[in-house]
Each structure stands twice: as C-alpha cells, then as structure tokens.
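Asker: Have a look at this one before I ask anything.
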Amino acid sequence: RRCIWLSRHGESEYNLTGKLGGDSSLSPRGQLYAEKLPQLVRDAVGDRPLTVWTSTLKRTQQTAKYLPYPKLHWKALDELDAGVCDGMTYEEIERDFPEDFEARDKNKYEYRYRGGESYRDVVARLEPIIMELERQENIMIVTHQAVLRCIYAYFMNVPQDRSPWMVVPLHTLIQLEPRPYSTAETRVPANI
Ligand code: F6P
C-alpha cells in the first residue's frame, strides 16, 4: 500500500526568535533533525521507492538535504505568506496591527494578511499538489506548519476550515496510509 510521509522543516533561526515567514536557515537543533531524518525515513519506508517534495525555501531544502531520494521543489508548498507581517513576531503584530491581530483571532481560516494569504488561500493553491499526490506512489513532503496543517486535514477528512488548528509539531515524521474509508496515521518523534 502506498503511503505519504509528512514533516515540517527542522527548527529554523526564525522559529527560535518567534518570527513568522522569512527564508532563514536551520538552527543547530534543526540541523540535527536533518541529519537524523534519513534513518527515521529509512525505518518507515524500507526499500520502497520514494520521491521527496519540498518548498522552494531554504529551511525545507536543508532539512531534506541528506535524504537519498529524488527531490522536487514546489512554490505551491511555500509557507502561508504573512504579507506585511512577514518577519514579525506575534507580539509585534499585536502591538503594530491590533485590529488585524484580533481579526485573525476571530476567524483564523478566512483572515488574509495584508499583502499576503489566508488559510483558505493556501488550501486553494494546494489543489494541484493534492491532485498530483493522488496520482503518485510514495511521496514524502517536507514543508511548513500552515501548509502541512492543510494537507493533513485533507487526508484525515477533516473539514478544511479546521486546518488552522491541526497539531503538527516540529521534528516529527508523520506517516499517512490512505484507505478507502479512512486514513491510518503513525507519528514518529525524532527526540532531539
Ligand atoms: O511560526 C512558524 C510559522 O510557520 C510561520 O511562518 C507561519 O506564519 C505560522 O507558523 C503559521 O501558524 P499560525 O497560522 O498558527 O500563525
């Protein structure tokens, strides 16, 4: 049976400082995850053929760097675009754009960052990715929190407007096995 493996990128420099978006590199701990990932994946995938998809941002490509499989980089897998809030922390957004902060809190799925995207926008741009995933065999996707939440919700048959609340932690390999009426899930934490 074919499987889909999902992972967020390893911890980034921006994750450490609480900044959104950007194109930062992995932190030392994130780098450890990248180095540990080949074994984690090998234990789950065995000798089945696998293709790895990443976003076009550095942190996902650095995370996938040591995986010995063919790779594809998709712009459609880039993180939710926070527009004018890109590079800010949640505290800075609350201070500088209090109305936006509140609007997002009220309706996180529909809220679109100024000059950026909403979760609904991300779900729409993921459509070609989902279609391609449905046609492929074993795929591993290394991408970002908001994007993974949407992909995860889709395969777990959770309504798309609940995507913003899916729990997708760092440094964890998620294995999904789509079946006719449900999707079987396994989570393997890297413990780093
Ligand atoms: O903080 C990491 C991050 O991937 C940001 O780049 C992104 O804006 C955020 O998470 C998405 O999470 P939330 O929708 O909960 O703000």
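Within each chain, counting starts at residue 1; across the structure tokens, chains are named A, B, ... in the order shown, with ligands numbered 1 upward in that order.
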Name each residue within 7 Å of ligand 1, counting only C-alpha atoms and all ligand atoms, as a PyMOL selection string.

Answerer: chain A and resi 15+18-21+79-80+82+144-146+164

Asker: So which residues touch region 36-53 of chain A within 10 Å, counting only C-alpha atoms, skipping near sequence neighbours fewer than 2 positions away, as a count of residues only?

Answerer: 49

Asker: Which residues are close to Val123 (chain A), i.e. within 8 Å by only C-alpha atoms, leaving aside same-chain residues fewer than 5 positions away? Reply as a list of chain:residue names.

Answerer: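 Here the answer would be A:Val147, A:Cys150, A:Gln160.
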
Asker: Can you tell me how far CA of Phe97 (chain A) sits from CA of Arg112 (chain A), in Å to one decimal?

Answerer: 13.2 Å

Asker: Check the smallest atom-to-atom distance from each of A:Leu133, A:Tyr152, A:Arg95, A:Thr17 to Glu185 (chain A) using only C-alpha atoms, then report the winner.

Answerer: A:Tyr152

Asker: Could you tell me, as a PyMOL selection string, which residues of region 2-179 of chain A DSSP assigns to helix (DSSP H, G or I) when given the backbone?

Answerer: chain A and resi 13-17+28-45+58-64+75-77+83-85+90-96+98-106+119-125+127-135+145-155+160-165

Asker: CA of Lys75 (chain A) and CA of Glu91 (chain A) are how many Å apart?

Answerer: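 CA of Lys75 (chain A) sits 28.3 Å away from CA of Glu91 (chain A).
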
Asker: Find the residues near Arg59 (chain A): any atom within 7 Å, counting only C-alpha atoms, skip ones fewer than 4 places away on the same chain, and give them as an NGL selection string.

Answerer: :A and (9 or 12 or 24-26 or 63)

Asker: To one decimal place, how far is CA of Cys85 (chain A) from CA of Tyr154 (chain A) in Å?

Answerer: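 Result for CA of Cys85 (chain A) versus CA of Tyr154 (chain A): 26.9 Å, one decimal.
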
Asker: Could you give me the residues within region 11-189 of chain A that DSSP places in strand (DSSP E or B), as a ChimeraX atom specification?

Answerer: /A:12,19,26,51-54,71-73,89,139-143,172-178,183-189

Asker: Would you output that residue set with C-alpha atoms, as a tab-separated table (two decimals), in the first residue's frame?

Answerer:
chain	number	residue	atom	x	y	z
A	12	SER	CA	14.81	27.42	11.90
A	19	LYS	CA	9.40	35.43	13.77
A	26	LEU	CA	18.04	25.81	10.15
A	51	THR	CA	10.21	10.89	-4.03
A	52	VAL	CA	10.71	13.87	-1.72
A	53	TRP	CA	8.85	17.15	-2.27
A	54	THR	CA	9.98	20.35	-0.55
A	71	LYS	CA	13.61	15.62	-4.95
A	72	LEU	CA	11.19	18.18	-6.36
A	73	HIS	CA	10.77	21.76	-5.12
A	89	THR	CA	6.62	38.13	15.98
A	139	ILE	CA	5.78	10.68	-1.55
A	140	MET	CA	7.42	12.47	1.36
A	141	ILE	CA	6.58	16.16	1.80
A	142	VAL	CA	8.90	18.45	3.77
A	143	THR	CA	7.17	21.78	4.21
A	172	THR	CA	8.16	14.50	13.93
A	173	LEU	CA	7.67	12.20	10.95
A	174	ILE	CA	4.00	11.62	10.16
A	175	GLN	CA	3.05	8.58	8.11
A	176	LEU	CA	-0.34	8.55	6.41
A	177	GLU	CA	-1.76	5.49	4.71
A	178	PRO	CA	-4.91	6.42	2.76
A	183	THR	CA	-6.50	7.22	6.65
A	184	ALA	CA	-4.22	5.33	9.04
A	185	GLU	CA	-1.72	7.57	10.82
A	186	THR	CA	1.57	6.94	12.63
A	187	ARG	CA	3.75	9.61	14.23
A	188	VAL	CA	7.43	9.10	14.91
A	189	PRO	CA	9.10	11.79	17.06

Asker: Compile the contact shell of Lys108 (chain A) as a VMD selection string: residues with an atom at most 8 Å away, counting only C-alpha atoms, same-chain residues fewer than 2 positions apart removed.

Answerer: chain A and resid 103 to 106 110 to 111 118 to 119 164

Asker: Let me see the file: selected residues, all heavy atoms, as a tab-separated table (two decimals), in the first residue's frame.

Answerer:
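part-v4.tsv, written as the output of this step:
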chain	number	residue	atom	x	y	z
A	103	ALA	N	-8.73	40.34	14.28
A	103	ALA	CA	-9.49	39.75	13.17
A	103	ALA	C	-9.04	38.32	12.91
A	103	ALA	O	-9.85	37.43	12.65
A	103	ALA	CB	-9.33	40.59	11.91
A	104	ARG	N	-7.74	38.10	13.01
A	104	ARG	CA	-7.22	36.75	12.77
A	104	ARG	C	-7.67	35.80	13.88
A	104	ARG	O	-8.02	34.65	13.63
A	104	ARG	CB	-5.70	36.78	12.67
A	104	ARG	CG	-5.13	35.43	12.21
A	104	ARG	CD	-3.67	35.51	11.82
A	104	ARG	NE	-3.34	34.40	10.94
A	104	ARG	CZ	-2.61	33.34	11.31
A	104	ARG	NH1	-2.11	33.26	12.52
A	104	ARG	NH2	-2.38	32.37	10.45
A	105	ASP	N	-7.67	36.33	15.11
A	105	ASP	CA	-8.10	35.53	16.25
A	105	ASP	C	-9.57	35.12	16.10
A	105	ASP	O	-9.95	34.01	16.46
A	105	ASP	CB	-7.89	36.36	17.53
A	105	ASP	CG	-7.99	35.49	18.76
A	105	ASP	OD1	-7.35	34.43	18.76
A	105	ASP	OD2	-8.72	35.87	19.70
A	106	LYS	N	-10.36	35.99	15.53
A	106	LYS	CA	-11.80	35.73	15.37
A	106	LYS	C	-12.08	34.73	14.27
A	106	LYS	O	-13.00	33.92	14.38
A	106	LYS	CB	-12.54	37.03	15.05
A	106	LYS	CG	-12.74	37.91	16.27
A	106	LYS	CD	-14.09	38.65	16.18
A	106	LYS	CE	-14.38	39.46	17.44
A	106	LYS	NZ	-13.84	40.83	17.34
A	110	GLU	N	-10.30	32.37	7.53
A	110	GLU	CA	-10.60	33.36	6.49
A	110	GLU	C	-9.65	34.56	6.52
A	110	GLU	O	-9.53	35.26	5.52
A	110	GLU	CB	-12.04	33.89	6.64
A	110	GLU	CG	-13.11	32.83	6.49
A	110	GLU	CD	-13.31	32.39	5.05
A	110	GLU	OE1	-12.71	32.99	4.13
A	110	GLU	OE2	-14.05	31.41	4.85
A	111	TYR	N	-9.03	34.84	7.66
A	111	TYR	CA	-8.22	36.05	7.78
A	111	TYR	C	-7.06	36.05	6.77
A	111	TYR	O	-6.24	35.13	6.75
A	111	TYR	CB	-7.65	36.23	9.19
A	111	TYR	CG	-6.67	37.40	9.21
A	111	TYR	CD1	-7.14	38.71	9.25
A	111	TYR	CD2	-5.31	37.19	9.10
A	111	TYR	CE1	-6.26	39.79	9.20
A	111	TYR	CE2	-4.41	38.26	9.04
A	111	TYR	CZ	-4.91	39.55	9.09
A	111	TYR	OH	-4.03	40.60	9.02
A	118	SER	N	-4.50	33.93	3.32
A	118	SER	CA	-5.28	33.28	4.38
A	118	SER	C	-5.08	31.76	4.27
A	118	SER	O	-4.53	31.28	3.27
A	118	SER	CB	-6.77	33.58	4.19
A	118	SER	OG	-7.22	33.01	2.97
A	119	TYR	N	-5.55	31.04	5.27
A	119	TYR	CA	-5.54	29.58	5.16
A	119	TYR	C	-6.39	29.14	3.96
A	119	TYR	O	-6.02	28.22	3.24
A	119	TYR	CB	-6.08	28.93	6.44
A	119	TYR	CG	-4.99	28.62	7.45
A	119	TYR	CD1	-4.60	29.56	8.39
A	119	TYR	CD2	-4.33	27.40	7.45
A	119	TYR	CE1	-3.60	29.30	9.31
A	119	TYR	CE2	-3.33	27.12	8.37
A	119	TYR	CZ	-2.96	28.07	9.30
A	119	TYR	OH	-1.96	27.80	10.20
A	164	PRO	N	-6.47	25.32	10.45
A	164	PRO	CA	-5.58	26.13	11.30
A	164	PRO	C	-5.33	25.52	12.68
A	164	PRO	O	-4.40	25.95	13.37
A	164	PRO	CB	-6.33	27.47	11.43
A	164	PRO	CG	-7.22	27.54	10.25
A	164	PRO	CD	-7.62	26.11	9.95
